[in-house]
Structure formats: C-alpha cells, structure tokens
$ cat data.cif   # mmCIF, C-alpha atoms
data_model
loop_
_atom_site.label_atom_id
_atom_site.label_comp_id
_atom_site.auth_asym_id
_atom_site.auth_seq_id
_atom_site.Cartn_x
_atom_site.Cartn_y
_atom_site.Cartn_z
CA MET A 30 196.76 53.65 -51.34
CA SER A 31 199.81 53.71 -49.09
CA GLU A 32 199.54 53.72 -45.31
CA SER A 33 200.64 57.37 -45.13
CA GLU A 34 198.02 58.35 -47.74
CA GLY A 35 195.34 56.54 -45.72
CA ALA A 36 196.39 58.31 -42.54
CA ALA A 37 196.36 61.64 -44.37
CA THR A 38 192.71 61.16 -45.38
CA ASP A 39 191.45 59.49 -42.21
CA HIS A 40 189.64 62.53 -40.89
CA ALA A 41 186.75 64.82 -41.68
CA ASP A 42 187.80 67.47 -44.18
CA VAL A 43 186.21 70.36 -42.28
CA VAL A 44 186.67 73.94 -43.49
CA ALA A 45 187.83 75.18 -40.07
CA LEU A 46 187.72 74.23 -36.42
CA PRO A 47 184.18 74.86 -35.13
CA PRO A 48 185.26 76.87 -32.05
CA VAL A 49 187.21 79.16 -34.39
CA ILE A 50 184.15 79.66 -36.60
CA TYR A 51 181.99 80.56 -33.59
CA GLY A 52 184.79 82.70 -32.13
CA VAL A 53 185.24 84.77 -35.29
CA ALA A 54 181.51 85.51 -35.34
CA LEU A 55 181.60 86.48 -31.67
CA VAL A 56 184.48 88.89 -32.19
CA ALA A 57 182.84 90.30 -35.33
CA GLY A 58 179.64 90.89 -33.36
CA VAL A 59 181.49 92.76 -30.63
CA VAL A 60 183.39 94.91 -33.17
CA VAL A 61 180.24 95.77 -35.14
CA LYS A 62 178.34 96.67 -31.96
CA LEU A 63 181.17 98.97 -30.91
CA ALA A 64 181.05 100.65 -34.33
CA LEU A 65 177.29 100.75 -34.93
CA GLY A 66 175.52 99.90 -31.69
CA GLY A 67 172.82 97.27 -31.68
CA SER A 68 170.94 96.12 -28.62
CA ILE A 69 168.44 93.31 -28.29
CA ALA A 70 164.96 94.81 -27.91
CA VAL A 71 163.82 92.62 -25.03
CA ASP A 72 163.22 93.39 -21.35
CA THR A 73 166.58 93.31 -19.53
CA TRP A 74 165.59 90.67 -16.97
CA LEU A 75 164.18 88.37 -19.63
CA ARG A 76 167.20 88.86 -21.90
CA VAL A 77 169.71 88.26 -19.10
CA GLY A 78 167.71 85.30 -17.77
CA VAL A 79 167.60 83.65 -21.18
CA GLY A 80 171.28 84.45 -21.64
CA ILE A 81 172.33 82.89 -18.35
CA ALA A 82 170.19 79.80 -18.98
CA ALA A 83 171.73 79.38 -22.46
CA LEU A 84 175.24 79.85 -21.06
CA VAL A 85 174.66 77.27 -18.33
CA LEU A 86 173.15 74.72 -20.75
CA GLY A 87 175.93 75.35 -23.27
CA ALA A 88 178.62 74.94 -20.61
CA ILE A 89 177.07 71.72 -19.30
CA GLY A 90 176.81 70.33 -22.83
CA SER A 91 180.40 71.28 -23.60
CA LEU A 92 181.68 69.62 -20.43
CA ARG A 93 179.67 66.46 -21.11
CA PHE A 94 180.88 66.32 -24.72
CA ALA A 95 184.51 66.77 -23.64
CA GLY A 96 184.15 64.16 -20.89
CA ILE A 97 182.66 61.56 -23.20
CA PHE A 98 185.38 62.10 -25.79
CA LYS A 99 188.12 61.95 -23.15
CA ALA A 100 186.70 58.71 -21.70
CA ALA A 101 186.58 57.23 -25.21
CA GLY A 102 190.19 58.28 -25.88
CA GLN A 103 189.01 60.39 -28.77
CA ASP A 104 190.35 63.75 -29.89
CA LYS A 105 187.81 66.60 -30.09
CA ASP A 106 189.57 67.95 -33.19
CA PRO A 107 187.60 66.83 -36.27
CA ARG A 108 190.82 66.97 -38.29
CA THR A 109 192.09 63.85 -36.50
CA PRO A 110 191.09 60.22 -37.13
CA THR A 111 187.97 58.94 -35.40
CA PRO A 112 188.86 55.55 -33.90
CA ALA A 113 185.30 54.58 -32.94
CA LEU A 114 181.77 55.95 -33.03
CA VAL A 115 180.64 57.60 -29.83
CA THR A 116 176.91 56.94 -29.50
CA ASP A 117 176.18 56.97 -25.78
CA GLY A 118 175.54 59.72 -23.25
CA ILE A 119 174.42 62.93 -24.95
CA TYR A 120 175.33 61.33 -28.29
CA ALA A 121 172.30 59.10 -27.86
CA ARG A 122 170.13 62.23 -28.23
CA SER A 123 172.11 64.41 -30.64
CA ARG A 124 174.74 63.60 -33.24
CA ASN A 125 176.23 67.08 -32.73
CA PRO A 126 176.01 68.04 -29.05
CA ALA A 127 179.23 70.06 -29.28
CA TYR A 128 177.70 72.34 -31.92
CA VAL A 129 174.44 72.60 -30.00
CA SER A 130 176.50 73.65 -26.97
CA LEU A 131 178.55 76.19 -28.94
CA THR A 132 175.34 77.64 -30.37
CA LEU A 133 173.82 77.94 -26.89
CA LEU A 134 176.98 79.65 -25.63
CA GLN A 135 176.80 82.12 -28.53
CA VAL A 136 173.13 82.89 -27.86
CA GLY A 137 173.86 83.24 -24.15
CA LEU A 138 176.71 85.68 -24.74
CA ALA A 139 174.61 87.70 -27.17
CA CYS A 140 171.85 88.04 -24.58
CA VAL A 141 174.09 88.78 -21.59
CA LEU A 142 176.16 91.28 -23.59
CA ASP A 143 172.99 92.78 -25.14
CA ASN A 144 174.51 92.41 -28.60
CA VAL A 145 172.14 91.76 -31.50
CA TRP A 146 175.09 91.42 -33.93
CA ILE A 147 176.29 88.25 -32.25
CA LEU A 148 172.86 86.77 -33.02
CA VAL A 149 172.92 88.11 -36.58
CA PHE A 150 176.33 86.54 -37.21
CA LEU A 151 175.14 83.26 -35.72
CA PHE A 152 173.04 82.57 -38.85
CA PRO A 153 176.00 82.41 -41.27
CA VAL A 154 177.90 80.44 -38.63
CA LEU A 155 175.17 77.80 -38.58
CA VAL A 156 175.18 77.61 -42.39
CA LEU A 157 178.97 77.20 -42.39
CA ILE A 158 178.84 74.63 -39.58
CA HIS A 159 176.19 72.67 -41.48
CA PHE A 160 177.83 72.64 -44.91
CA GLY A 161 181.50 73.07 -44.01
CA VAL A 162 181.68 70.88 -40.92
CA ILE A 163 178.70 68.62 -40.19
CA LEU A 164 178.05 67.32 -43.72
CA ARG A 165 181.78 66.70 -44.15
CA GLU A 166 181.99 64.88 -40.81
CA GLU A 167 178.96 62.79 -41.71
CA ALA A 168 180.44 61.84 -45.10
CA TYR A 169 183.71 60.83 -43.41
CA LEU A 170 181.97 58.79 -40.70
CA GLU A 171 179.78 57.06 -43.28
CA ARG A 172 182.85 56.15 -45.37
CA LYS A 173 184.70 54.89 -42.31
CA PHE A 174 181.93 53.12 -40.38
CA GLY A 175 179.37 52.34 -43.10
CA ASP A 176 176.16 50.68 -41.92
CA GLU A 177 177.01 51.23 -38.25
CA TYR A 178 177.00 55.00 -38.79
CA ARG A 179 173.96 54.92 -41.11
CA SER A 180 172.04 53.05 -38.39
CA TYR A 181 173.10 55.65 -35.81
CA LYS A 182 172.03 58.48 -38.17
CA ALA A 183 168.64 56.83 -38.62
CA ARG A 184 167.90 56.76 -34.89
CA VAL A 185 169.55 59.96 -33.58
CA ARG A 186 168.75 63.52 -34.70
CA ARG A 187 171.43 65.76 -36.14
CA TRP A 188 170.88 68.62 -33.68
CA ILE A 189 168.26 68.09 -30.96
#
$ encode --input "data.cif" --output "structure tokens"
Amino acid sequence: MSESEGAATDHADVVALPPVIYGVALVAGVVVKLALGGSIAVDTWLRVGVGIAALVLGAIGSLRFAGIFKAAGQDKDPRTPTPALVTDGIYARSRNPAYVSLTLLQVGLACVLDNVWILVFLFPVLVLIHFGVILREEAYLERKFGDEYRSYKARVRRWI
C-alpha cells in the first residue's frame, strides 16, 4: 500500500458527520410539528425543567469533549486520522461523550420546544449513529491501535 493510499484510509469510514445527522433530525422534527402539530404530554414546568437540565448537561459535555480534543491536538472530525487514543477526562467514563452530549442536546431542545417529533426522530438517529458511526469508528480504532484500544473498550462503556 502506498503512503497516499494509507493516508486515504487512515480514518473512520463514517456515513456522515454526527452533528449533521442530529441536525437533520432536528430540522425534520420542527418541519413535521409545523405541519402536523405534536406536543409532549408532560406538565410544562417538568418538561421545561428536564429540557433545560439536558441542554446544560449536553453543552457541558460538548465543551469538555472539544477541550480535550483541542488539548490533544486532535480533530473532532471522524473523517480525519486519529493520531492517538484519548482516554482521559470524560473519555475515562464514556467512549462516546460527544454523542451522549448531542443526544442530551436533542432531548433538551425537544422538551424546551415542546416537540414530540424531535424525540421520535431521535430513535433513528441513534440507530444510524450506532451502526453508521460508532461501530465504524470502533473498527478503525481497533485496526489502528489494536490491543491498546481493545483494553480501553474493555474498561470503558460505549455510552454512559
């Protein structure tokens, strides 16, 4: 394999950027609610409280994820090479804190916007994230880092 071929395959072959996947579902939820309606049947204060809590936790997780990657000199884009495993900070508790954070942000927006469709569309998003992103990232990291990554997988949960 030539050096350019190696560089061309030195990344996770994800189906799409995760923020785009979540964003499409968010927009679809807003459009469907405008067309069909669809509120969340929960007391307003409870719904908004849960929504704000999820938004805050999702934002904190996103900032921590971004900070750890920046400090490690690593690109957040899964389509770029991973120079080293990041296993400290929130990565010591979850192998996918960015996706946990994006999920929390989606739940928070659904609750604050009182939009059940955003929650409905979150289910296919999670399936796509699992099969089209996470499993592909894990296969790439296992190929690249071997036993080091397998050891990390054995001690740290995929989500939370």
$ residues_around --input "data.cif" --residues "range 89-103 of chain A" --least-positions-apart "3" --cutoff "6 Å" --atoms "all atoms listed in the file" --output "PyMOL selection string"
chain A and resi 86+127+130
$ resolve_selection --input "data.cif" --expression "the PyMOL selection byres ((chain A and resi 40) around 6)" --output "short mmCIF file (atom, residue, chain, number, x, y, z; two decimals) with C-alpha atoms, keeping the file's coordinate frame"
data_model
loop_
_atom_site.label_atom_id
_atom_site.label_comp_id
_atom_site.auth_asym_id
_atom_site.auth_seq_id
_atom_site.Cartn_x
_atom_site.Cartn_y
_atom_site.Cartn_z
CA THR A 38 192.71 61.16 -45.38
CA ASP A 39 191.45 59.49 -42.21
CA ALA A 41 186.75 64.82 -41.68
CA ARG A 108 190.82 66.97 -38.29
CA THR A 109 192.09 63.85 -36.50
CA PRO A 110 191.09 60.22 -37.13
#
$ axis_aligned_box --input "data.cif" --around "range 105-120 of chain A" --padding-each-side "8 Å" --output "lines of an AutoDock Vina configuration file"
center_x = 183.3
center_y = 61.3
center_z = -30.8
size_x = 33.7
size_y = 29.4
size_z = 31.0
$ closest_residue --input "data.cif" --among "A:Ala45, A:Ala139, A:Ser123, A:Val145" --to "Ala70 in chain A" --atoms "only C-alpha atoms"
A:Val145
$ resolve_selection --input "data.cif" --expression "the PyMOL selection byres ((chain A and resi 50) around 12)" --output "PyMOL selection string"
chain A and resi 43-49+51-57+128+131-132+135+150-159+161-162
$ residues_around --input "data.cif" --residues "Val71 in chain A" --least-positions-apart "6" --cutoff "10 Å" --atoms "all atoms listed in the file" --output "JSON, numbers by chain"
{"A": [77, 140, 143]}
$ write_last_selection --input "data.cif" --atoms "C-alpha atoms" --output "compact mmCIF listing (two decimals), in the frame of the given file"
# COMPACT_ATOMS: atom_id res chain seq x y z
CA VAL A 77 169.71 88.26 -19.10
CA CYS A 140 171.85 88.04 -24.58
CA ASP A 143 172.99 92.78 -25.14
$ atom_distance --input "data.cif" --atom1 "CA of Ala113 in chain A" --atom2 "CA of Pro126 in chain A"
16.8 Å
$ residues_around --input "data.cif" --residues "Gly78 in chain A" --least-positions-apart "4" --cutoff "12 Å" --atoms "all atoms listed in the file" --output "ChimeraX atom specification"
/A:71-74,82-85,136-143
$ resolve_selection --input "data.cif" --expression "the PyMOL selection byres ((chain A and resi 167-176) around 9)" --output "MDAnalysis selection string"
chainID A and resid 39:42 111 113:114 162:166 177:182
$ closest_residue --input "data.cif" --among "A:Ile189, A:Ile81, A:Leu148, A:Val115" --to "Ser68 in chain A" --atoms "all atoms listed in the file"
A:Leu148
$ atom_distance --input "data.cif" --atom1 "CA of Tyr120 in chain A" --atom2 "CA of Asp104 in chain A"
15.3 Å
$ atom_distance --input "data.cif" --atom1 "CA of Val79 in chain A" --atom2 "CA of Ala121 in chain A"
25.9 Å
$ closest_residue --input "data.cif" --among "A:Trp146, A:Ala88, A:Lys105, A:Asn125" --to "Gly67 in chain A" --atoms "all atoms listed in the file"
A:Trp146
$ closest_residue --input "data.cif" --among "A:Ile147, A:Arg124, A:Asp117, A:Gly66" --to "Arg187 in chain A" --atoms "all atoms listed in the file"
A:Arg124
